[in-house]
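Right, one structure below, let's go through it.
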Amino acid sequence: MPSLLLLEAICIFLFSRASPCLSLQEVHVSRETIGKIAVASKMMWCSAALDVLFLLDGSLSIGKGSFERAKHFAITVCDTLDISPKRVRVGAFQFGSTPHLEFPLDSFSTRKEVKARLKSMVFKGGRTETGLALKHLLHGGFPGGRNGSVPQLLIIVTDGKSQGHVALPAKQLKEKGVTVFAVGVRFPRWEELHVLATEPKEQHVLLAEQVEDATNGLLSTLSSSALCTPAAPDCRVEAHPCERKTLETIRELTGDALCWRGLQRADAVLALRCPYYSWKKVLVSHPTSCYRTTCPGPCDSQPCQNGGTCIPEEMGRYRCLCPLAFGGEANCAPKLSLDCRIDVLFLLDSSADTTLEGFLRAKAFVKRFVQAVLSEDSRARVGVAVYNRELEVVVPVGEYPDVPDLVKSLDRIPFTSGPTLTGKALRQAAERGFGIATRTGQNRPRRVVVLFTESHSQDEVAGPARHARARELLLLAIGRVAVRAELEEITGSPKHVMVYTDPQDLFTQIPELQRKLCSQPQPGCQTQALDLVFLLDSSASVGPENFAQMQGFVRSCALQFDVNPDVTQVSLVVYGSQVQTAFGLDTHLTRAAALRAMSQAPYLGGVGSAGMALLHIYDKVMTVQRGARPGVPKAVVMLTGGRGAEDAVVPVQKLRSNGISVLVVGVGPVLRESLRRLAGPRDSLIHVATFADLHYHRDTLIKWLCGEAKRPVNLCKPSPCMNEGTCVLRNGSYRCACRGGWEGPHCENRVLRGDAPNTRASRHDPARQQPAPF
């Protein structure tokens, strides 16, 4: 039990010593009105002949921190005063056990001097003898003042916990014509402040902890006597309901315990249940009215459109906090527009995996999008379909040309749940999502399907996506980062995918979607045959994070090609502490499989050798036995941070002289000289400042690869012949002259019978042996 009492005593002590972070005065008005009160306090001005004396409590009950806040309040008030010998004069007293004159009213003639002197005041401590200080002023007057020939203003800043009587001297001062403001600090005793203040009390009692509010309240009271004036004639003083709080100590019954009392008989005691109490600090509320000046603000006319929030600033200015997709204009006016002729079908996932929350998020995105980009003269038409087990076109394309009607129709779309059959939905969208096609060719607007999903499909999507693209539909997709790979497979390009991590970031995709809808597709080289090897620097000089950036980059590049054995074959090699083939040219037969394997490539660390890695590609990757196809253009794209490339000059030359194109992508703020020597012909070097900037150079790399894929090839470079066989060109074909002991089209078979001849010639016709595209 004693330990509990000790803990409670500690809590009470900490609470009593805490800084007044609690709101001891609350003006019950809107946040906008609070902002107007703060602005008005900076616009008011006192320029009449006036004697102002600050009486600052410097006792121990205040503490040094609250004394500094009292000084700050006095300095803020001085910013509103026209301080000069003929107009406003300012002086200051500090009181504790005794009153101490800091400076008389005639000491300083400028605001700057007064503020500097107030700032330099030193906390003195002592008892709280407020009554003694008032008696000193009652008998001695305002030192340096004008003997009552001008209005006298006394501003007492105290916690209201005087150790003497204050009522009589305060009454006598007020009877002599002194206007008294009582301003509380720390945890003020409001009852005493009301005794000190001039009538009406509500207008002369303030709280220094809320500096702008207190300054406004003081000047609002003075403006009624024409001593102070607001900066604008249409500003007005109004009473607002407010609540003030006092921190008080109360005794509370905590419980009872067994105790013993002696009796008159010396040899007897009486056992009783005795109560015990605890003391606690509580806040007691005092409702009142606060008089404050507010001026018409720049936001009163509600200048921000489309749900924007107006934020008032100084000098009558404002700024608009705009919803996403409406930023950039002063008043949140629509900035985007679809000025292209286009039919857009939003395809929304309404499956159980997406959840109701995700579905509502998708609807909100579509609503915000059409509000942002559609206008009366827009040539775009919009429709909406939802899917889970089946596709349902809930808003046919072009049915609602009026945006408000379109938004209302979106609100009526229900969430239906069910399995996530995205592939089936894509096929159905291609067949009936845009209604009956009555216009063809140049007469038909561009048709776009915008898929919105947050979950993986439960059916196959690659085939239906190819079917949709074959019907001249542009596929765009929006979803979470977790489904990026699937969305890239559906759209056929990372450029057509928009992902988000935080739902709050979703609406930032609206401008990006608008740009993608009206941009024209760029012709690529997906139908060109190519054997392509990506070589990634996986050494310690690169680091795992940058290596992951390179992985993402090569995945985005691979998406630009039709990966299959008949068109483009892709391989990935990494080098660091060793050289490792992540997968060969003939390992993965589909783009999806190659993309997954690229994501799983290992980070090796260690010290890398680009030269050894390039020789590895020449000897063990770009060979017929490892899937390389004779007569097909071959290219190596090497991504490196530059270190470890000093030994790569000869291997690069060996690859190029054998018909293998090499492009070097060097990453770093400065292009190393060792990489410059690898440039070779045909601008085969790309310099990138940082790994994060790689994606800016993807189009340049793809353009280079497409150019290399169209170059004429030499069937014997690199040599398709194995086991030191010799490639011989003949009549548009080639043959392999095999060394003794070997035979076969590429000298791949060892001769097991008898003595083999010195050489065997095996004629190879690539037109007959290779698939049609070659």
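Scheme for the structure tokens: letters A, B, ... for chains in order shown; per-chain residue numbers from 1; ligand numbers from 1 in order shown.
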### Query
Can you tell me, as a PyMOL selection string, what residues are no more than 9 Å from Thr229 of chain A when counting only C-alpha atoms, ignoring any on the same chain fewer than 5 positions away?
chain A and resi 43-47+219-220+222-224
### Message
Please extract the residues of segment 670-720 of chain A with a backbone DSSP assignment of helix (DSSP H, G or I) and present them as a PyMOL selection string.
### Response
chain A and resi 673-676+691-709
Residues at most 12 Å from Gln578 of chain A, counting only C-alpha atoms, excluding those fewer than 5 positions away in the same chain, as a PDB file with C-alpha atoms, in the first residue's frame?
ATOM      1  CA  ASP A 537      27.507  -6.856 -62.812  1.00  0.00           C
ATOM      2  CA  SER A 538      26.736  -8.644 -59.528  1.00  0.00           C
ATOM      3  CA  SER A 539      29.934  -7.676 -57.720  1.00  0.00           C
ATOM      4  CA  ALA A 540      30.266  -6.011 -54.325  1.00  0.00           C
ATOM      5  CA  VAL A 573      24.502 -14.118 -67.032  1.00  0.00           C
ATOM      6  CA  PRO A 602      21.399 -14.392 -57.643  1.00  0.00           C
ATOM      7  CA  TYR A 603      23.433 -11.522 -56.267  1.00  0.00           C
ATOM      8  CA  LEU A 604      27.000 -12.836 -55.955  1.00  0.00           C
ATOM      9  CA  GLY A 605      29.116 -10.075 -54.392  1.00  0.00           C
ATOM     10  CA  GLY A 606      32.870 -10.303 -54.411  1.00  0.00           C
ATOM     11  CA  VAL A 607      35.238  -8.878 -57.027  1.00  0.00           C
ATOM     12  CA  GLY A 608      34.025  -9.145 -60.605  1.00  0.00           C
ATOM     13  CA  SER A 609      35.851  -9.539 -63.914  1.00  0.00           C
ATOM     14  CA  ALA A 610      33.920  -8.340 -66.954  1.00  0.00           C
ATOM     15  CA  GLY A 611      36.517  -9.914 -69.247  1.00  0.00           C
ATOM     16  CA  MET A 612      36.003 -13.388 -67.804  1.00  0.00           C
ATOM     17  CA  ALA A 613      32.220 -12.929 -67.987  1.00  0.00           C
ATOM     18  CA  HIS A 616      32.100 -17.157 -70.586  1.00  0.00           C
TER      19      HIS A 616
END
Please tabulate, as a tab-separated table, the residues of segment 62-130 of chain A that come within 8 Å of segment 155-168 of chain A, each with its closest pair of atoms and the distance in Å to one decimal, counting only C-alpha atoms and ordering rows by chain, then residue number upward.
residue	atom	partner	partner_atom	distance
A:Ile62	CA	A:Asp159	CA	6.6
A:Ala70	CA	A:Val157	CA	6.5
A:Arg127	CA	A:Gln163	CA	7.2
A:Thr128	CA	A:Ser162	CA	5.0
A:Glu129	CA	A:Gln163	CA	5.7
A:Thr130	CA	A:Ser162	CA	5.5
Output of the above residues as a PDB file, in the first residue's frame, restricted to all heavy atoms:
ATOM      1  N   ILE A  62       5.611  30.836 -10.741  1.00  0.00           N
ATOM      2  CA  ILE A  62       5.562  30.942 -12.195  1.00  0.00           C
ATOM      3  C   ILE A  62       6.614  30.040 -12.834  1.00  0.00           C
ATOM      4  O   ILE A  62       6.342  29.260 -13.731  1.00  0.00           O
ATOM      5  CB  ILE A  62       5.788  32.403 -12.630  1.00  0.00           C
ATOM      6  CG1 ILE A  62       4.563  33.239 -12.291  1.00  0.00           C
ATOM      7  CG2 ILE A  62       6.085  32.502 -14.120  1.00  0.00           C
ATOM      8  CD1 ILE A  62       3.367  32.948 -13.157  1.00  0.00           C
ATOM      9  N   ALA A  70       5.698  34.803 -20.751  1.00  0.00           N
ATOM     10  CA  ALA A  70       5.100  36.105 -20.446  1.00  0.00           C
ATOM     11  C   ALA A  70       5.842  37.212 -21.195  1.00  0.00           C
ATOM     12  O   ALA A  70       5.228  38.148 -21.739  1.00  0.00           O
ATOM     13  CB  ALA A  70       5.142  36.350 -18.937  1.00  0.00           C
ATOM     14  N   ARG A 127       8.485  35.211  -3.597  1.00  0.00           N
ATOM     15  CA  ARG A 127       7.071  34.967  -3.345  1.00  0.00           C
ATOM     16  C   ARG A 127       6.216  35.729  -4.362  1.00  0.00           C
ATOM     17  O   ARG A 127       6.703  36.587  -5.076  1.00  0.00           O
ATOM     18  CB  ARG A 127       6.706  35.409  -1.927  1.00  0.00           C
ATOM     19  CG  ARG A 127       7.487  34.690  -0.832  1.00  0.00           C
ATOM     20  CD  ARG A 127       6.937  35.059   0.545  1.00  0.00           C
ATOM     21  NE  ARG A 127       6.884  36.514   0.731  1.00  0.00           N
ATOM     22  CZ  ARG A 127       7.886  37.253   1.140  1.00  0.00           C
ATOM     23  NH1 ARG A 127       9.071  36.685   1.394  1.00  0.00           N
ATOM     24  NH2 ARG A 127       7.765  38.555   1.293  1.00  0.00           N
ATOM     25  N   THR A 128       4.920  35.397  -4.403  1.00  0.00           N
ATOM     26  CA  THR A 128       4.001  36.053  -5.341  1.00  0.00           C
ATOM     27  C   THR A 128       3.259  37.159  -4.601  1.00  0.00           C
ATOM     28  O   THR A 128       2.129  36.985  -4.131  1.00  0.00           O
ATOM     29  CB  THR A 128       3.006  35.027  -5.931  1.00  0.00           C
ATOM     30  OG1 THR A 128       3.712  33.889  -6.389  1.00  0.00           O
ATOM     31  CG2 THR A 128       2.242  35.633  -7.101  1.00  0.00           C
ATOM     32  N   GLU A 129       3.888  38.322  -4.489  1.00  0.00           N
ATOM     33  CA  GLU A 129       3.297  39.458  -3.768  1.00  0.00           C
ATOM     34  C   GLU A 129       2.665  40.424  -4.763  1.00  0.00           C
ATOM     35  O   GLU A 129       3.142  41.533  -4.995  1.00  0.00           O
ATOM     36  CB  GLU A 129       4.366  40.165  -2.926  1.00  0.00           C
ATOM     37  CG  GLU A 129       4.939  39.321  -1.809  1.00  0.00           C
ATOM     38  CD  GLU A 129       3.933  39.095  -0.682  1.00  0.00           C
ATOM     39  OE1 GLU A 129       2.832  39.702  -0.718  1.00  0.00           O
ATOM     40  OE2 GLU A 129       4.231  38.304   0.228  1.00  0.00           O
ATOM     41  N   THR A 130       1.551  39.975  -5.395  1.00  0.00           N
ATOM     42  CA  THR A 130       0.863  40.812  -6.388  1.00  0.00           C
ATOM     43  C   THR A 130       0.285  42.066  -5.736  1.00  0.00           C
ATOM     44  O   THR A 130       0.374  43.174  -6.296  1.00  0.00           O
ATOM     45  CB  THR A 130      -0.260  40.005  -7.062  1.00  0.00           C
ATOM     46  OG1 THR A 130       0.243  38.737  -7.471  1.00  0.00           O
ATOM     47  CG2 THR A 130      -0.811  40.745  -8.265  1.00  0.00           C
TER      48      THR A 130
END
### Task
Would you please extract all strand (DSSP E or B) residues from segment 386-635 of chain A, as assigned by DSSP on the backbone, and give them as a PyMOL selection string?
chain A and resi 386-387+391-395+446-452+473-480+497-500+530-537+563+568-575+579-583+634-635
Would you save the residues of that selection, restricted to N, CA and C atoms, as a tab-separated table (two decimals), in the first residue's frame?
chain	number	residue	atom	x	y	z
A	386	VAL	N	-17.67	-4.59	-65.00
A	386	VAL	CA	-17.15	-5.26	-63.81
A	386	VAL	C	-17.09	-6.75	-64.10
A	387	TYR	N	-16.22	-7.43	-63.38
A	387	TYR	CA	-16.09	-8.86	-63.61
A	387	TYR	C	-15.70	-9.59	-62.35
A	391	LEU	N	-18.22	-11.28	-67.14
A	391	LEU	CA	-18.13	-9.84	-67.40
A	391	LEU	C	-19.52	-9.24	-67.53
A	392	GLU	N	-19.73	-8.07	-66.91
A	392	GLU	CA	-20.99	-7.35	-67.04
A	392	GLU	C	-20.69	-5.90	-67.39
A	393	VAL	N	-21.19	-5.46	-68.53
A	393	VAL	CA	-21.02	-4.06	-68.93
A	393	VAL	C	-22.13	-3.27	-68.24
A	394	VAL	N	-21.78	-2.55	-67.17
A	394	VAL	CA	-22.78	-1.84	-66.37
A	394	VAL	C	-23.03	-0.43	-66.90
A	395	VAL	N	-22.05	0.16	-67.54
A	395	VAL	CA	-22.21	1.48	-68.17
A	395	VAL	C	-21.65	1.37	-69.58
A	446	ARG	N	-9.98	5.20	-81.45
A	446	ARG	CA	-9.10	4.28	-80.77
A	446	ARG	C	-9.82	3.68	-79.57
A	447	ARG	N	-9.67	2.37	-79.38
A	447	ARG	CA	-10.37	1.68	-78.29
A	447	ARG	C	-9.35	1.21	-77.25
A	448	VAL	N	-9.68	1.50	-75.99
A	448	VAL	CA	-8.75	1.20	-74.89
A	448	VAL	C	-9.50	0.51	-73.77
A	449	VAL	N	-8.91	-0.55	-73.24
A	449	VAL	CA	-9.42	-1.21	-72.03
A	449	VAL	C	-8.46	-0.87	-70.89
A	450	VAL	N	-9.00	-0.28	-69.82
A	450	VAL	CA	-8.20	0.04	-68.64
A	450	VAL	C	-8.60	-0.94	-67.55
A	451	LEU	N	-7.73	-1.92	-67.30
A	451	LEU	CA	-7.98	-2.94	-66.28
A	451	LEU	C	-7.58	-2.41	-64.90
A	452	PHE	N	-8.46	-2.61	-63.92
A	452	PHE	CA	-8.16	-2.19	-62.54
A	452	PHE	C	-8.35	-3.40	-61.65
A	473	LEU	N	-7.06	-3.54	-79.68
A	473	LEU	CA	-7.37	-2.89	-78.41
A	473	LEU	C	-6.07	-2.56	-77.70
A	474	LEU	N	-5.98	-1.34	-77.19
A	474	LEU	CA	-4.87	-0.97	-76.33
A	474	LEU	C	-5.23	-1.37	-74.91
A	475	LEU	N	-4.37	-2.15	-74.28
A	475	LEU	CA	-4.61	-2.60	-72.91
A	475	LEU	C	-3.73	-1.81	-71.96
A	476	LEU	N	-4.36	-1.13	-71.00
A	476	LEU	CA	-3.66	-0.46	-69.91
A	476	LEU	C	-4.11	-1.12	-68.60
A	477	ALA	N	-3.27	-1.04	-67.58
A	477	ALA	CA	-3.61	-1.70	-66.32
A	477	ALA	C	-3.15	-0.87	-65.14
A	478	ILE	N	-3.97	-0.91	-64.08
A	478	ILE	CA	-3.67	-0.23	-62.81
A	478	ILE	C	-3.84	-1.24	-61.70
A	479	GLY	N	-2.88	-1.31	-60.78
A	479	GLY	CA	-3.00	-2.26	-59.67
A	479	GLY	C	-1.89	-2.08	-58.66
A	480	ARG	N	-1.90	-2.94	-57.67
A	480	ARG	CA	-0.86	-2.92	-56.63
A	480	ARG	C	0.45	-3.45	-57.18
A	497	VAL	N	1.55	-0.03	-67.71
A	497	VAL	CA	1.17	-0.46	-66.37
A	497	VAL	C	1.43	0.66	-65.38
A	498	MET	N	0.49	0.91	-64.49
A	498	MET	CA	0.62	1.88	-63.41
A	498	MET	C	0.34	1.16	-62.10
A	499	VAL	N	1.28	1.22	-61.18
A	499	VAL	CA	1.13	0.51	-59.91
A	499	VAL	C	1.25	1.50	-58.75
A	500	TYR	N	0.74	1.09	-57.60
A	500	TYR	CA	0.81	1.90	-56.40
A	500	TYR	C	1.05	0.99	-55.21
A	530	LEU	N	16.17	-12.74	-82.73
A	530	LEU	CA	17.32	-12.24	-82.01
A	530	LEU	C	17.70	-13.22	-80.91
A	531	ASP	N	19.00	-13.50	-80.77
A	531	ASP	CA	19.53	-14.19	-79.59
A	531	ASP	C	20.15	-13.12	-78.70
A	532	LEU	N	19.56	-12.93	-77.53
A	532	LEU	CA	19.92	-11.78	-76.68
A	532	LEU	C	20.40	-12.27	-75.31
A	533	VAL	N	21.58	-11.79	-74.90
A	533	VAL	CA	22.13	-12.13	-73.60
A	533	VAL	C	22.31	-10.84	-72.79
A	534	PHE	N	21.73	-10.84	-71.58
A	534	PHE	CA	21.97	-9.74	-70.64
A	534	PHE	C	23.06	-10.17	-69.67
A	535	LEU	N	24.06	-9.32	-69.50
A	535	LEU	CA	25.18	-9.58	-68.60
A	535	LEU	C	25.14	-8.54	-67.49
A	536	LEU	N	24.92	-8.97	-66.24
A	536	LEU	CA	24.75	-8.05	-65.12
A	536	LEU	C	25.94	-8.13	-64.17
A	537	ASP	N	26.45	-6.96	-63.81
A	537	ASP	CA	27.51	-6.86	-62.81
A	537	ASP	C	26.90	-7.12	-61.43
A	563	VAL	N	9.24	-13.35	-76.66
A	563	VAL	CA	10.17	-14.41	-76.27
A	563	VAL	C	9.56	-15.77	-76.58
A	568	THR	N	12.49	-14.41	-80.42
A	568	THR	CA	13.58	-13.92	-79.57
A	568	THR	C	13.88	-14.92	-78.46
A	569	GLN	N	15.15	-15.26	-78.33
A	569	GLN	CA	15.62	-16.06	-77.21
A	569	GLN	C	16.41	-15.14	-76.28
A	570	VAL	N	16.23	-15.35	-74.97
A	570	VAL	CA	16.87	-14.48	-73.98
A	570	VAL	C	17.65	-15.34	-72.99
A	571	SER	N	18.84	-14.85	-72.61
A	571	SER	CA	19.66	-15.48	-71.59
A	571	SER	C	20.12	-14.41	-70.60
A	572	LEU	N	20.46	-14.84	-69.39
A	572	LEU	CA	20.95	-13.92	-68.37
A	572	LEU	C	22.18	-14.51	-67.71
A	573	VAL	N	23.26	-13.72	-67.67
A	573	VAL	CA	24.50	-14.12	-67.03
A	573	VAL	C	24.85	-13.06	-65.99
A	574	VAL	N	25.30	-13.51	-64.81
A	574	VAL	CA	25.72	-12.58	-63.76
A	574	VAL	C	27.17	-12.89	-63.41
A	575	TYR	N	27.90	-11.86	-62.97
A	575	TYR	CA	29.28	-12.09	-62.58
A	575	TYR	C	29.64	-11.25	-61.36
A	579	VAL	N	31.45	-16.34	-62.29
A	579	VAL	CA	30.57	-16.09	-63.43
A	579	VAL	C	29.53	-17.20	-63.45
A	580	GLN	N	28.27	-16.83	-63.55
A	580	GLN	CA	27.21	-17.83	-63.47
A	580	GLN	C	26.14	-17.53	-64.51
A	581	THR	N	25.74	-18.57	-65.24
A	581	THR	CA	24.63	-18.46	-66.19
A	581	THR	C	23.33	-18.66	-65.41
A	582	ALA	N	22.56	-17.59	-65.24
A	582	ALA	CA	21.28	-17.71	-64.54
A	582	ALA	C	20.32	-18.59	-65.32
A	583	PHE	N	20.26	-18.39	-66.64
A	583	PHE	CA	19.53	-19.30	-67.53
A	583	PHE	C	20.03	-19.06	-68.96
A	634	LYS	N	22.85	-11.72	-83.08
A	634	LYS	CA	23.17	-11.99	-81.69
A	634	LYS	C	23.68	-10.71	-81.02
A	635	ALA	N	23.26	-10.51	-79.78
A	635	ALA	CA	23.64	-9.29	-79.07
A	635	ALA	C	23.83	-9.58	-77.59
### Summary
In terms of only C-alpha atoms, the residue from A:Arg87, A:Arg412, A:Arg368, A:His286 at minimal distance from Ser109 of chain A is A:Arg87
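Using only C-alpha atoms, the shortest contact distance between Lys516 of chain A and any of A:Ile342, A:Val713, A:Ala529, A:Arg244 is found at A:Ile342.
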